[in-house]
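J.: Just so it is clear, I am handing over protein10.pdb, which has PDB, C-alpha atoms.
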ATOM      1  CA  MET A  19       3.102  51.770 -29.830
ATOM      2  CA  ILE A  20       6.355  53.697 -29.663
ATOM      3  CA  PHE A  21       7.028  55.409 -26.304
ATOM      4  CA  THR A  22       9.461  58.334 -26.335
ATOM      5  CA  LYS A  23      10.614  59.745 -23.000
ATOM      6  CA  THR A  24      10.585  63.504 -22.512
ATOM      7  CA  LYS A  25      12.780  65.451 -20.083
ATOM      8  CA  ILE A  26       9.939  65.200 -17.532
ATOM      9  CA  ALA A  27      10.056  61.820 -15.777
ATOM     10  CA  GLY A  28       6.945  59.785 -16.555
ATOM     11  CA  CYS A  29       5.851  62.019 -19.443
ATOM     12  CA  TYR A  30       5.899  60.225 -22.795
ATOM     13  CA  ILE A  31       5.131  61.076 -26.389
ATOM     14  CA  ILE A  32       3.434  58.041 -27.892
ATOM     15  CA  ASP A  33       3.520  57.362 -31.609
ATOM     16  CA  LEU A  34       1.313  54.727 -33.139
ATOM     17  CA  GLU A  35       2.646  51.852 -35.186
ATOM     18  CA  LEU A  36       0.487  52.067 -38.297
ATOM     19  CA  HIS A  37      -0.505  49.056 -40.341
ATOM     20  CA  GLU A  38      -1.691  50.219 -43.752
ATOM     21  CA  ASP A  39      -3.213  48.386 -46.652
ATOM     22  CA  ASN A  40      -5.769  49.030 -49.385
ATOM     23  CA  ARG A  41      -8.549  49.319 -46.761
ATOM     24  CA  GLY A  42      -6.833  52.086 -44.812
ATOM     25  CA  VAL A  43      -4.971  52.169 -41.509
ATOM     26  CA  PHE A  44      -5.050  50.152 -38.296
ATOM     27  CA  ALA A  45      -3.206  51.096 -35.087
ATOM     28  CA  ARG A  46      -3.382  50.156 -31.437
ATOM     29  CA  LEU A  47      -4.256  53.166 -29.237
ATOM     30  CA  PHE A  48      -3.869  51.428 -25.912
ATOM     31  CA  CYS A  49      -2.367  48.236 -24.541
ATOM     32  CA  GLU A  50      -2.255  47.598 -20.807
ATOM     33  CA  ASP A  51       0.853  45.395 -21.105
ATOM     34  CA  GLU A  52       2.753  47.995 -23.146
ATOM     35  CA  PHE A  53       1.950  50.730 -20.617
ATOM     36  CA  ARG A  54       3.041  48.505 -17.722
ATOM     37  CA  SER A  55       6.289  47.665 -19.547
ATOM     38  CA  GLN A  56       7.098  51.412 -19.508
ATOM     39  CA  GLY A  57       6.311  51.644 -15.780
ATOM     40  CA  LEU A  58       3.072  53.556 -16.462
ATOM     41  CA  ASP A  59      -0.244  53.082 -14.691
ATOM     42  CA  PRO A  60      -2.606  51.684 -17.339
ATOM     43  CA  SER A  61      -5.823  52.151 -15.345
ATOM     44  CA  ILE A  62      -8.587  54.279 -16.834
ATOM     45  CA  ALA A  63     -11.315  55.800 -14.670
ATOM     46  CA  GLN A  64     -12.704  58.326 -17.189
ATOM     47  CA  ILE A  65     -12.587  59.131 -20.889
ATOM     48  CA  ASN A  66     -13.283  62.781 -21.689
ATOM     49  CA  THR A  67     -13.588  64.864 -24.824
ATOM     50  CA  ALA A  68     -13.352  68.594 -25.505
ATOM     51  CA  GLN A  69     -14.155  70.499 -28.675
ATOM     52  CA  SER A  70     -12.935  73.968 -29.549
ATOM     53  CA  LEU A  71     -14.336  75.993 -32.412
ATOM     54  CA  TYR A  72     -11.416  78.261 -33.240
ATOM     55  CA  ALA A  73      -7.635  78.309 -33.418
ATOM     56  CA  GLY A  74      -6.070  80.170 -30.502
ATOM     57  CA  THR A  75      -8.368  78.679 -27.867
ATOM     58  CA  LEU A  76      -6.452  77.880 -24.692
ATOM     59  CA  ARG A  77      -7.502  75.407 -22.018
ATOM     60  CA  GLY A  78      -5.404  74.914 -18.899
ATOM     61  CA  MET A  79      -3.241  74.596 -16.991
ATOM     62  CA  HIS A  80      -5.238  72.029 -14.967
ATOM     63  CA  TYR A  81      -4.419  69.320 -12.451
ATOM     64  CA  GLN A  82      -5.845  67.554  -9.420
ATOM     65  CA  THR A  83      -4.141  67.562  -6.030
ATOM     66  CA  ALA A  84      -3.640  64.533  -3.779
ATOM     67  CA  PRO A  85      -5.344  62.276  -3.004
ATOM     68  CA  HIS A  86      -6.910  62.627  -6.466
ATOM     69  CA  SER A  87      -3.756  63.346  -8.513
ATOM     70  CA  ASP A  88      -4.276  61.807 -11.909
ATOM     71  CA  THR A  89      -2.462  60.653 -14.999
ATOM     72  CA  LYS A  90      -3.726  61.682 -18.430
ATOM     73  CA  LEU A  91      -3.417  60.243 -21.910
ATOM     74  CA  VAL A  92      -4.271  62.900 -24.519
ATOM     75  CA  LYS A  93      -5.070  62.386 -28.215
ATOM     76  CA  CYS A  94      -6.218  64.921 -30.787
ATOM     77  CA  LEU A  95      -9.051  63.425 -32.842
ATOM     78  CA  ARG A  96      -9.623  66.373 -35.183
ATOM     79  CA  GLY A  97      -7.506  69.418 -35.920
ATOM     80  CA  ALA A  98      -4.290  70.190 -34.072
ATOM     81  CA  ILE A  99      -3.161  71.339 -30.630
ATOM     82  CA  PHE A 100       0.009  72.539 -28.922
ATOM     83  CA  ASP A 101      -0.087  70.296 -25.829
ATOM     84  CA  VAL A 102       1.850  71.114 -22.644
ATOM     85  CA  CYS A 103       2.898  69.066 -19.610
ATOM     86  CA  LEU A 104       4.126  71.193 -16.674
ATOM     87  CA  ASP A 105       5.974  69.428 -13.838
ATOM     88  CA  LEU A 106       4.616  70.550 -10.452
ATOM     89  CA  ARG A 107       6.254  67.812  -8.347
ATOM     90  CA  PRO A 108       8.540  69.638  -5.849
ATOM     91  CA  ASP A 109      10.864  66.616  -5.530
ATOM     92  CA  SER A 110      11.324  66.290  -9.299
ATOM     93  CA  PRO A 111      14.571  67.431 -10.982
ATOM     94  CA  THR A 112      12.384  69.143 -13.618
ATOM     95  CA  PHE A 113      10.130  70.921 -11.102
ATOM     96  CA  CYS A 114       8.483  73.947 -12.795
ATOM     97  CA  GLU A 115       9.752  72.914 -16.245
ATOM     98  CA  TRP A 116       7.505  72.042 -19.165
ATOM     99  CA  VAL A 117       7.484  70.093 -22.402
ATOM    100  CA  SER A 118       5.238  70.477 -25.403
ATOM    101  CA  VAL A 119       4.258  68.444 -28.425
ATOM    102  CA  GLU A 120       1.961  69.037 -31.360
ATOM    103  CA  LEU A 121      -0.869  66.534 -31.401
ATOM    104  CA  SER A 122      -2.998  66.352 -34.523
ATOM    105  CA  ASP A 123      -5.327  64.116 -36.447
ATOM    106  CA  GLU A 124      -2.573  63.851 -39.063
ATOM    107  CA  ASN A 125       0.365  62.824 -36.848
ATOM    108  CA  ARG A 126      -1.842  60.636 -34.590
ATOM    109  CA  ARG A 127       0.474  61.234 -31.625
ATOM    110  CA  MET A 128      -0.551  61.011 -27.980
ATOM    111  CA  LEU A 129       0.901  62.480 -24.798
ATOM    112  CA  PHE A 130       0.969  60.664 -21.458
ATOM    113  CA  LEU A 131       1.174  62.973 -18.423
ATOM    114  CA  PRO A 132       2.102  61.596 -14.999
ATOM    115  CA  ALA A 133       0.345  62.482 -11.747
ATOM    116  CA  GLY A 134       1.642  65.720 -10.273
ATOM    117  CA  THR A 135       1.839  67.543 -13.590
ATOM    118  CA  ALA A 136      -0.469  70.212 -14.987
ATOM    119  CA  HIS A 137      -1.961  69.950 -18.461
ATOM    120  CA  GLY A 138      -2.983  72.601 -20.928
ATOM    121  CA  TYR A 139      -3.213  73.132 -24.645
ATOM    122  CA  GLN A 140      -3.791  75.740 -27.304
ATOM    123  CA  THR A 141      -5.629  74.903 -30.485
ATOM    124  CA  ILE A 142      -3.661  75.614 -33.643
ATOM    125  CA  SER A 143      -6.507  74.898 -36.022
ATOM    126  CA  ASP A 144     -10.237  75.532 -36.080
ATOM    127  CA  ALA A 145     -12.723  72.773 -35.228
ATOM    128  CA  THR A 146     -10.438  70.862 -32.892
ATOM    129  CA  GLU A 147     -11.476  67.890 -30.786
ATOM    130  CA  ILE A 148      -9.414  66.045 -28.208
ATOM    131  CA  MET A 149     -10.011  62.931 -26.164
ATOM    132  CA  TYR A 150      -8.201  62.151 -22.947
ATOM    133  CA  THR A 151      -8.292  59.447 -20.327
ATOM    134  CA  THR A 152      -7.637  59.858 -16.614
ATOM    135  CA  ASN A 153      -6.858  57.199 -14.036
ATOM    136  CA  GLN A 154      -8.883  59.016 -11.343
ATOM    137  CA  ASP A 155     -12.430  60.283 -11.347
ATOM    138  CA  TYR A 156     -12.845  64.037 -11.505
ATOM    139  CA  ALA A 157     -12.865  65.381  -7.936
ATOM    140  CA  PRO A 158     -13.997  69.031  -7.833
ATOM    141  CA  GLN A 159     -12.524  69.518  -4.356
ATOM    142  CA  SER A 160      -9.062  68.613  -5.728
ATOM    143  CA  ALA A 161      -9.322  70.367  -9.097
ATOM    144  CA  THR A 162      -7.039  73.378  -9.475
ATOM    145  CA  GLY A 163      -4.728  75.049 -11.932
ATOM    146  CA  VAL A 164      -1.958  77.484 -12.655
ATOM    147  CA  ARG A 165      -2.199  80.464 -14.963
ATOM    148  CA  TYR A 166      -1.164  79.793 -18.548
ATOM    149  CA  ASN A 167       1.066  82.897 -18.617
ATOM    150  CA  ASP A 168       2.554  82.705 -15.113
ATOM    151  CA  LYS A 169       6.031  84.277 -15.401
ATOM    152  CA  ARG A 170       7.542  81.512 -13.275
ATOM    153  CA  PHE A 171       7.008  78.935 -16.042
ATOM    154  CA  LYS A 172       7.591  81.007 -19.199
ATOM    155  CA  ILE A 173       5.476  78.730 -21.392
ATOM    156  CA  ARG A 174       5.884  79.843 -25.014
ATOM    157  CA  TRP A 175       2.460  79.367 -26.565
ATOM    158  CA  PRO A 176       2.432  79.230 -30.386
ATOM    159  CA  GLY A 177       0.059  82.121 -30.953
ATOM    160  CA  GLU A 178      -2.229  84.755 -29.549
ATOM    161  CA  VAL A 179      -4.787  83.461 -27.069
ATOM    162  CA  THR A 180      -8.127  84.247 -28.709
ATOM    163  CA  SER A 181     -10.413  82.399 -26.291
ATOM    164  CA  ILE A 182      -9.921  81.306 -22.671
ATOM    165  CA  SER A 183     -12.242  80.734 -19.717
ATOM    166  CA  GLU A 184     -12.346  83.289 -16.924
ATOM    167  CA  ALA A 185     -11.189  80.574 -14.497
ATOM    168  CA  ASP A 186      -8.093  79.769 -16.583
ATOM    169  CA  ARG A 187      -7.280  83.461 -17.031
ATOM    170  CA  SER A 188      -7.613  84.095 -13.269
ATOM    171  CA  TRP A 189      -5.511  81.452 -11.563
ATOM    172  CA  PRO A 190      -3.196  83.201  -9.030
ATOM    173  CA  ASP A 191       0.590  83.202  -9.318
ATOM    174  CA  TYR A 192       1.941  79.743  -8.511
ATOM    175  CA  LYS A 193       3.164  79.193  -4.963
ATOM    176  CA  TYR A 194       4.450  75.945  -3.535
TER
END
Written as C-alpha cells, that's how I'd like the structure from this file.
T.:
Amino acid sequence: MIFTKTKIAGCYIIDLELHEDNRGVFARLFCEDEFRSQGLDPSIAQINTAQSLYAGTLRGMHYQTAPHSDTKLVKCLRGAIFDVCLDLRPDSPTFCEWVSVELSDENRRMLFLPAGTAHGYQTISDATEIMYTTNQDYAPQSATGVRYNDKRFKIRWPGEVTSISEADRSWPDYKY
C-alpha cells in the first residue's frame, strides 16, 4: 500500500500496490502493521456500505463528536465518487479546510480520514457503491454534520446535486 499525505494532518490517499498476472490482479486492502507505521489507528469497529443509483447524489458532510469521534477508510467498489475530507479540529492548522480525491472502481484508491474531520461525497457515475470502515461504533447521540454548501467551507462539488437527503440539506451554518 502506498500512503500519500494530504494537506490535512492524518488524512491519506492510499493507492494499492497491484500484482498482476494472467489470472488477474491481487492487492492488499488493509494491513495493520502498515497503518501503524504511518501513525494511523488500524482498529475497525464497523464496515459499512452505501449504494447510490444516480450520478449527482450527495451524501454528507457527516461526523461523530467526542467521545465517539471516528476515523474512516473509504473505498469505492463500483462507479466513481468525488470524496471530501473537511477538517473540523479547531487546533489544526488546516481547520475548516478540505481536500478531495476521486475514488473509483478503476483507480482502486482509498481515503483515510482522521477523527475530527467530516466526510462527504458526490457520485460522479450512476450505480455507485462505496464501502467504509470506522474505528468506532455508530453512536446516534454523537452523529452530526455540516451542510455541504456552507459558505464557510466553499467546497467545490464537481456537478449539480441531483439527490440529497433532507437531513444533509438542512444542517445549520457551522459554528464552533
J.: Find the spatial neighbours of stretch 167-174 of chain A, counting only C-alpha atoms, within a cut-off of 9 Å - ignore same-chain residues fewer than 6 positions away - and output them as a PyMOL selection string.
T.: chain A and resi 102+104+114-117+187+189-192
J.: Just C-alpha atoms for this one: save the residues we selected as a short mmCIF file (atom, residue, chain, number, x, y, z; two decimals), in the coordinates of the input.
T.:
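Saved the output as part07.cif:
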data_model
loop_
_atom_site.label_atom_id
_atom_site.label_comp_id
_atom_site.auth_asym_id
_atom_site.auth_seq_id
_atom_site.Cartn_x
_atom_site.Cartn_y
_atom_site.Cartn_z
CA VAL A 102 1.85 71.11 -22.64
CA LEU A 104 4.13 71.19 -16.67
CA CYS A 114 8.48 73.95 -12.80
CA GLU A 115 9.75 72.91 -16.24
CA TRP A 116 7.50 72.04 -19.16
CA VAL A 117 7.48 70.09 -22.40
CA ARG A 187 -7.28 83.46 -17.03
CA TRP A 189 -5.51 81.45 -11.56
CA PRO A 190 -3.20 83.20 -9.03
CA ASP A 191 0.59 83.20 -9.32
CA TYR A 192 1.94 79.74 -8.51
#
J.: Expanded to explicit residues, what is the PyMOL selection byres ((chain A and resi 142-151) around 10) for this file, as a PyMOL selection string?
T.: chain A and resi 61-76+88-100+120-123+128-130+139-141+152-155+176-177
J.: Emit as JSON the padded axis-aligned box for all listed atoms of stretch 73-92 of chain A, 6 Å per side, with centre and edge lengths in Å to one decimal.
T.:
{"center_x": -5.4, "center_y": 70.2, "center_z": -18.2, "size_x": 17.9, "size_y": 31.9, "size_z": 42.4}
J.: Using the chain letters and numbers from this file, what does the PyMOL selection byres ((chain A and resi 49) around 12) select? Give the answer as a count of residues only.
T.: 21
J.: Just the number, please: distance in Å from atom CA of A:Asp101 to atom CA of A:Val43, one decimal.
T.: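 A separation of 24.5 Å between them.
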J.: Applying 9 Å and only C-alpha atoms, which residues near A:Thr83 remain after dropping the ones on its own chain fewer than 2 positions away? List them as a ChimeraX atom specification.
T.: /A:81,85-88,133-134,159-162
J.: Tell me which of A:Lys23, A:Arg107, A:Lys193, A:Arg41 sits closest to A:Val164, counting all atoms listed in the file.
T.: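 Closest to A:Val164, using all atoms listed in the file: A:Lys193.
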J.: Which residue, A:Pro132, A:Gly42, A:Pro111, A:Gly78, has the smallest gap to A:Gly57 when you use only C-alpha atoms?
T.: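 Residue with the minimum atom-to-atom distance to A:Gly57: A:Pro132.
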J.: If you apply the PyMOL selection byres ((chain A and resi 137) around 6) to this file, what residues do you get, as a list in words?
T.: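 Here the PyMOL selection byres ((chain A and resi 137) around 6) matches Met79, His80, Val102, Cys103, Ala136 and Gly138 of chain A.
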J.: Please determine, counting only C-alpha atoms, which residue among A:Leu131, A:Arg126, A:Ala157, A:Arg77 has the shortest atom-to-atom distance to A:Ser183.
T.: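 Checking each candidate against A:Ser183, we get A:Arg77 as the closest.
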J.: Mind giving me the straight-line distance from atom CA of A:Tyr194 to atom CA of A:Tyr30 in Å, one decimal?
T.: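 Between atom CA of A:Tyr194 and atom CA of A:Tyr30 the gap works out to 24.9 Å.
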J.: For atom CA of A:Ser181 and atom CA of A:Phe113, quote the distance in Å rounded to one decimal.
T.: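 Separation between atom CA of A:Ser181 and atom CA of A:Phe113: 28.0 Å.
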